[in-house]
Amino acid sequence: MRFLYYSKEKGEETFRKVLMINGSPDVKGCIHTAFLEAATIFEEAGIESEEIIVGPKDIRGCIGCRKCKTTGRCIFDDLVNETLPKLKEAQGVILGSPVYYGNPNGTLLSFIQRLFYSSPDDLHMKVGASVVSCRRG
Ligand SMILES: Cc1cc2nc3c(=O)[nH]c(=O)nc-3n(C[C@H](O)[C@H](O)[C@H](O)COP(=O)(O)O)c2cc1C
């Protein structure tokens with residue numbers, strides 16, 4: 001089976017890769033379990049997937065310096081910059097977060113705010129989804 005995808009840059013292409021961004025500090029927790037299930041389905045469909053483990057990392061927030069607008073990279077050289085080329089390559093992105101006080105967890109928010117701000121054009125036409133895990137809502 002081949003899934004088609006339309007991107008602004010390249011036009012019609014095959015849907016090849018999904019990035020699964022895991023905000024949970026528990027690397028074997030509920031979000032990871034959901035991503036394992038998703039990876040199995042993607043594999044059956046011939047789509048590659050990669051889990052980016054963010055939760056246990058020391059990821060600081062964006063300082064709005066806008067240096068990334070000229071360099072295409074974040075001034076804080078960490079997992080955000082490592083993920084930028086992977087985001088460019090992927091056609092789909094899934095965000096996974098535990099619910100912390102009714103919100104996505106802080107580490108995930110810091111990560112995606114810096115990642116997305118450093119690469120605004122790369123998000124055009126990507127397919128997005130989210131997974132959350134909570135104790136009671
Ligand atoms: C700081 C903190 C805040 C939390 N806030 C909520 C909340 O507002 N509502 C809720 O249902 N669960 C809350 N929880 C529980 C987590 O969402 C829950 O344990 C989740 O399943 C963890 O997912 P994980 O195993 O993928 O890390 C909180 C947990 C922590 C550590």
# chains A, B, ... in the order shown; residues from 1 in each chain; ligands from 1

$ residues_near_ligand --ligand "ligand 1" --cutoff "8 Å" --atoms "only C-alpha atoms and all ligand atoms" --output "ChimeraX atom specification"
/A:23-33,96-103,105,132-137

$ residues_around --residues "A:Thr83" --least-positions-apart "4" --cutoff "12 Å" --atoms "only C-alpha atoms" --output "number ranges by chain"
A: 19-21, 50-54, 73-74, 77-79, 87-90, 93, 111-112, 114-116, 118-119, 122

$ atom_distance --atom1 "atom CA of A:Tyr5" --atom2 "atom CA of A:Gly72"
24.7 Å
